[in-house]
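Remarks on the structure that follows.
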Amino acid sequence: MSYNWINAKDYTMNSFLLFDRWALQWIFSDCNVYDWFPGKDRDYKLDMAKALYRYPHVAWYVRNKAPECAAFLDEIQSITFGDWTEEEMRESEAAILQAHETFVVYAFPKVMNEVNYIRNWDEKYLYELVDLKDKLVLDVGSGTGRLAFAAAKKAKRVYASEPCDCLREYMRDKIKAEGIGNVRVLDGEVLNLPYEDDTFDVVMSGHVIGDHYEEEIAETARITKDGGWLVICDGDDEFRRSAPDPELVSRGFEWFRHESAEGGIIYNYRKQVKKYEE
């Protein structure tokens, strides 16, 4: 689905030059994004061919950054030029960029800070979920650091794990500019976190758990100490949810409900990790 975080006409395919390999693997694959994008009546591969036609350097970048995408690119670039007008190519370019707006936003952190779930978020919702004082904390999928920097005001140390290079560099710049001494930024994604078992007092995330519940919860629990906490603190968007996530509830998460400044109904979650029989 499209969240309308960007006006795609304000961007070009050059944005792809800022994307990480894992993002390119998703974009240049046989997974048809239009199946869940409002423009699903369009032809994804044809749109990609039109969009890339004026950007051969982008195709070159993708081939070298993510060689596994070569076969898909070959298919795209084998599509015969159909006397496409500048208007047609720009329309396809905008459709592709809108379909991948999340990746575009990840490449422009200042834009990300203005999306619906971040711009009016109040850190009090994190503090209501868990005691962070003197704790060792991991923020999974840290983004621009919404949770990490809020936690740093109370925690002993916070590790911000983020797979997107542009977002990691944004957080590092903020740490340097503001002299924040207890936050460290590292690479890592939720299914393969580069930390030892039983490391953290609190492992938190927002808008991360949900694609593979069992595996994601198991991996975050693995690196949490016995008696520590898993915390899911989502942002404050405008969506009015009618109930907590049944998958999380069925796995023993407590839930907390509030109405956001954006007008949405938000549910946050926590679960204490118990690893040993009493």
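Each chain in the structure tokens gets a letter, A, B and so on, in the order shown; residues start at 1 in every chain, and ligands are counted from 1 in the order they appear.
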* To do: Quick one: everything within 9 Å of Ser242 of chain A, counting only C-alpha atoms, minus sequence neighbours fewer than 2 positions away in the same chain. Send it as a PyMOL selection string.
  => chain A and resi 240+244+265
* To do: as JSON, numbers by chain, please: all residues of segment 56-180 of chain A that backbone DSSP puts in strand (DSSP E or B).
  => {"A": [136, 137, 138, 139, 140, 157, 158, 159, 160, 161]}
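With only C-alpha atoms as the atoms that count, the minimum distance from Val202 of chain A to the choices A:Val130, A:Ala150, A:Met13, A:Ala95 is reached by A:Val130.
Interatomic distance, atom CA of Pro56 of chain A against atom CA of Thr80 of chain A: 14.8 Å.
Between atom CA of Ile180 of chain A and atom CA of Val208 of chain A there is a distance of 24.8 Å.
Residues lying within 9 Å of Ala151 of chain A, counting only C-alpha atoms and ignoring same-chain neighbours fewer than 3 positions away, are Glu123, Leu126, Tyr127, Leu132, Lys133, Val137, Asp139, Arg146, Leu147, Ala148, Lys154, Ala155, Arg157 and Val158 of chain A.
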Please identify which residues in segment 73-154 of chain A DSSP calls helix (DSSP H, G or I) from the backbone, and express them as a PDB file with N, CA and C atoms, in the first residue's frame.
```
ATOM      1  N   LEU A  73      17.192  -7.298 -14.372  1.00  0.00           N
ATOM      2  CA  LEU A  73      17.562  -6.126 -15.169  1.00  0.00           C
ATOM      3  C   LEU A  73      17.653  -6.469 -16.650  1.00  0.00           C
ATOM      4  N   ASP A  74      18.207  -7.638 -16.967  1.00  0.00           N
ATOM      5  CA  ASP A  74      18.290  -8.060 -18.370  1.00  0.00           C
ATOM      6  C   ASP A  74      16.898  -8.107 -18.988  1.00  0.00           C
ATOM      7  N   GLU A  75      15.950  -8.638 -18.240  1.00  0.00           N
ATOM      8  CA  GLU A  75      14.581  -8.723 -18.738  1.00  0.00           C
ATOM      9  C   GLU A  75      13.990  -7.323 -18.951  1.00  0.00           C
ATOM     10  N   ILE A  76      14.220  -6.450 -17.996  1.00  0.00           N
ATOM     11  CA  ILE A  76      13.712  -5.086 -18.102  1.00  0.00           C
ATOM     12  C   ILE A  76      14.314  -4.380 -19.305  1.00  0.00           C
ATOM     13  N   GLN A  77      15.631  -4.504 -19.448  1.00  0.00           N
ATOM     14  CA  GLN A  77      16.321  -3.763 -20.507  1.00  0.00           C
ATOM     15  C   GLN A  77      16.154  -4.396 -21.882  1.00  0.00           C
ATOM     16  N   GLU A  86       8.440  11.791 -23.252  1.00  0.00           N
ATOM     17  CA  GLU A  86       8.989  12.221 -21.962  1.00  0.00           C
ATOM     18  C   GLU A  86       7.908  12.145 -20.881  1.00  0.00           C
ATOM     19  N   GLU A  87       6.706  12.502 -21.230  1.00  0.00           N
ATOM     20  CA  GLU A  87       5.609  12.471 -20.263  1.00  0.00           C
ATOM     21  C   GLU A  87       5.317  11.039 -19.816  1.00  0.00           C
ATOM     22  N   GLU A  88       5.314  10.092 -20.752  1.00  0.00           N
ATOM     23  CA  GLU A  88       5.059   8.694 -20.419  1.00  0.00           C
ATOM     24  C   GLU A  88       6.153   8.135 -19.510  1.00  0.00           C
ATOM     25  N   MET A  89       7.399   8.470 -19.837  1.00  0.00           N
ATOM     26  CA  MET A  89       8.505   7.962 -19.032  1.00  0.00           C
ATOM     27  C   MET A  89       8.490   8.567 -17.635  1.00  0.00           C
ATOM     28  N   ARG A  90       8.154   9.835 -17.550  1.00  0.00           N
ATOM     29  CA  ARG A  90       8.106  10.471 -16.226  1.00  0.00           C
ATOM     30  C   ARG A  90       6.937   9.922 -15.405  1.00  0.00           C
ATOM     31  N   GLU A  91       5.828   9.603 -16.060  1.00  0.00           N
ATOM     32  CA  GLU A  91       4.694   9.006 -15.357  1.00  0.00           C
ATOM     33  C   GLU A  91       5.082   7.652 -14.772  1.00  0.00           C
ATOM     34  N   SER A  92       5.790   6.835 -15.561  1.00  0.00           N
ATOM     35  CA  SER A  92       6.242   5.529 -15.075  1.00  0.00           C
ATOM     36  C   SER A  92       7.257   5.694 -13.948  1.00  0.00           C
ATOM     37  N   GLU A  93       8.140   6.668 -14.093  1.00  0.00           N
ATOM     38  CA  GLU A  93       9.129   6.941 -13.048  1.00  0.00           C
ATOM     39  C   GLU A  93       8.440   7.279 -11.728  1.00  0.00           C
ATOM     40  N   ALA A  94       7.428   8.125 -11.790  1.00  0.00           N
ATOM     41  CA  ALA A  94       6.689   8.502 -10.584  1.00  0.00           C
ATOM     42  C   ALA A  94       5.963   7.302  -9.983  1.00  0.00           C
ATOM     43  N   ALA A  95       5.417   6.425 -10.832  1.00  0.00           N
ATOM     44  CA  ALA A  95       4.717   5.241 -10.339  1.00  0.00           C
ATOM     45  C   ALA A  95       5.683   4.310  -9.603  1.00  0.00           C
ATOM     46  N   ILE A  96       6.873   4.114 -10.154  1.00  0.00           N
ATOM     47  CA  ILE A  96       7.873   3.265  -9.510  1.00  0.00           C
ATOM     48  C   ILE A  96       8.317   3.867  -8.179  1.00  0.00           C
ATOM     49  N   LEU A  97       8.588   5.155  -8.171  1.00  0.00           N
ATOM     50  CA  LEU A  97       9.039   5.814  -6.947  1.00  0.00           C
ATOM     51  C   LEU A  97       7.959   5.802  -5.868  1.00  0.00           C
ATOM     52  N   GLN A  98       6.707   5.988  -6.269  1.00  0.00           N
ATOM     53  CA  GLN A  98       5.626   5.953  -5.286  1.00  0.00           C
ATOM     54  C   GLN A  98       5.460   4.553  -4.722  1.00  0.00           C
ATOM     55  N   ALA A  99       5.610   3.552  -5.567  1.00  0.00           N
ATOM     56  CA  ALA A  99       5.494   2.173  -5.107  1.00  0.00           C
ATOM     57  C   ALA A  99       6.570   1.834  -4.092  1.00  0.00           C
ATOM     58  N   GLU A 101       8.060   4.080  -2.003  1.00  0.00           N
ATOM     59  CA  GLU A 101       8.243   5.304  -1.222  1.00  0.00           C
ATOM     60  C   GLU A 101       8.948   5.061   0.108  1.00  0.00           C
ATOM     61  N   THR A 102       8.770   3.881   0.698  1.00  0.00           N
ATOM     62  CA  THR A 102       9.456   3.615   1.959  1.00  0.00           C
ATOM     63  C   THR A 102      10.972   3.661   1.765  1.00  0.00           C
ATOM     64  N   PHE A 103      11.468   3.066   0.687  1.00  0.00           N
ATOM     65  CA  PHE A 103      12.903   3.103   0.423  1.00  0.00           C
ATOM     66  C   PHE A 103      13.369   4.525   0.115  1.00  0.00           C
ATOM     67  N   VAL A 104      12.548   5.287  -0.581  1.00  0.00           N
ATOM     68  CA  VAL A 104      12.896   6.681  -0.865  1.00  0.00           C
ATOM     69  C   VAL A 104      13.034   7.452   0.436  1.00  0.00           C
ATOM     70  N   VAL A 105      12.084   7.265   1.338  1.00  0.00           N
ATOM     71  CA  VAL A 105      12.118   7.961   2.623  1.00  0.00           C
ATOM     72  C   VAL A 105      13.348   7.545   3.426  1.00  0.00           C
ATOM     73  N   TYR A 106      13.706   6.256   3.402  1.00  0.00           N
ATOM     74  CA  TYR A 106      14.896   5.803   4.125  1.00  0.00           C
ATOM     75  C   TYR A 106      16.161   6.501   3.619  1.00  0.00           C
ATOM     76  N   ALA A 107      16.162   6.883   2.356  1.00  0.00           N
ATOM     77  CA  ALA A 107      17.335   7.529   1.771  1.00  0.00           C
ATOM     78  C   ALA A 107      17.416   9.016   2.110  1.00  0.00           C
ATOM     79  N   PRO A 109      16.650  10.986   5.372  1.00  0.00           N
ATOM     80  CA  PRO A 109      16.223  10.943   6.776  1.00  0.00           C
ATOM     81  C   PRO A 109      15.425  12.157   7.242  1.00  0.00           C
ATOM     82  N   LYS A 110      15.747  13.337   6.760  1.00  0.00           N
ATOM     83  CA  LYS A 110      14.995  14.514   7.185  1.00  0.00           C
ATOM     84  C   LYS A 110      13.546  14.441   6.708  1.00  0.00           C
ATOM     85  N   VAL A 111      13.336  13.835   5.559  1.00  0.00           N
ATOM     86  CA  VAL A 111      11.976  13.600   5.074  1.00  0.00           C
ATOM     87  C   VAL A 111      11.298  12.551   5.948  1.00  0.00           C
ATOM     88  N   MET A 112      12.036  11.527   6.320  1.00  0.00           N
ATOM     89  CA  MET A 112      11.483  10.474   7.166  1.00  0.00           C
ATOM     90  C   MET A 112      10.992  11.031   8.495  1.00  0.00           C
ATOM     91  N   LYS A 124       6.843   9.952  25.852  1.00  0.00           N
ATOM     92  CA  LYS A 124       6.221   9.457  27.090  1.00  0.00           C
ATOM     93  C   LYS A 124       5.636   8.058  26.896  1.00  0.00           C
ATOM     94  N   TYR A 125       5.230   7.721  25.673  1.00  0.00           N
ATOM     95  CA  TYR A 125       4.636   6.403  25.437  1.00  0.00           C
ATOM     96  C   TYR A 125       5.667   5.290  25.584  1.00  0.00           C
ATOM     97  N   LEU A 126       6.917   5.586  25.284  1.00  0.00           N
ATOM     98  CA  LEU A 126       7.969   4.611  25.539  1.00  0.00           C
ATOM     99  C   LEU A 126       8.216   4.479  27.032  1.00  0.00           C
ATOM    100  N   TYR A 127       8.304   5.594  27.716  1.00  0.00           N
ATOM    101  CA  TYR A 127       8.607   5.563  29.147  1.00  0.00           C
ATOM    102  C   TYR A 127       7.510   4.878  29.959  1.00  0.00           C
ATOM    103  N   ARG A 146      14.137   7.530  16.557  1.00  0.00           N
ATOM    104  CA  ARG A 146      13.006   7.962  17.382  1.00  0.00           C
ATOM    105  C   ARG A 146      13.053   7.332  18.769  1.00  0.00           C
ATOM    106  N   LEU A 147      13.149   6.022  18.835  1.00  0.00           N
ATOM    107  CA  LEU A 147      13.165   5.323  20.120  1.00  0.00           C
ATOM    108  C   LEU A 147      14.540   5.384  20.780  1.00  0.00           C
ATOM    109  N   ALA A 148      15.580   5.234  19.983  1.00  0.00           N
ATOM    110  CA  ALA A 148      16.930   5.168  20.547  1.00  0.00           C
ATOM    111  C   ALA A 148      17.296   6.431  21.313  1.00  0.00           C
ATOM    112  N   PHE A 149      17.024   7.588  20.734  1.00  0.00           N
ATOM    113  CA  PHE A 149      17.411   8.836  21.395  1.00  0.00           C
ATOM    114  C   PHE A 149      16.515   9.148  22.587  1.00  0.00           C
ATOM    115  N   ALA A 150      15.261   8.698  22.517  1.00  0.00           N
ATOM    116  CA  ALA A 150      14.389   8.848  23.687  1.00  0.00           C
ATOM    117  C   ALA A 150      14.900   7.969  24.826  1.00  0.00           C
ATOM    118  N   ALA A 151      15.270   6.728  24.522  1.00  0.00           N
ATOM    119  CA  ALA A 151      15.773   5.814  25.540  1.00  0.00           C
ATOM    120  C   ALA A 151      17.076   6.310  26.139  1.00  0.00           C
ATOM    121  N   ALA A 152      17.906   6.945  25.315  1.00  0.00           N
ATOM    122  CA  ALA A 152      19.220   7.391  25.769  1.00  0.00           C
ATOM    123  C   ALA A 152      19.140   8.409  26.906  1.00  0.00           C
TER     124      ALA A 152
END
```
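One finds atom CA of Ala177 of chain A at 28.9 Å from atom CA of Trp22 of chain A.
Contact shell of Leu248 of chain A at 9 Å (only C-alpha atoms; same-chain neighbours under 5 positions omitted): Gly210, Tyr213, Phe253, Glu254, Trp255 and Tyr269 of chain A.
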* Would you mind telling me which residue in A:Tyr53, A:Phe256, A:Trp121, A:Tyr3 lies nearest to Lys271 of chain A when using only C-alpha atoms? => A:Phe256
* Could you tell me which of A:Asp187, A:Glu178, A:Asp131, A:Asp41 comes closest to Cys166 of chain A if we count only C-alpha atoms? => A:Asp187
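Of the listed residues (A:Ile175, A:Phe108, A:Val140, A:Glu262), A:Val140 comes nearest to Glu219 of chain A; the distances count only C-alpha atoms.
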* Asked: Could you name the residues that touch Pro163 of chain A at 12 Å or less, counting only C-alpha atoms, but leaving out those on the same chain fewer than 2 positions away, as a VMD selection string?
  -> chain A and resid 19 to 23 103 106 to 107 139 to 144 160 to 161 165 to 169 185 to 194 208
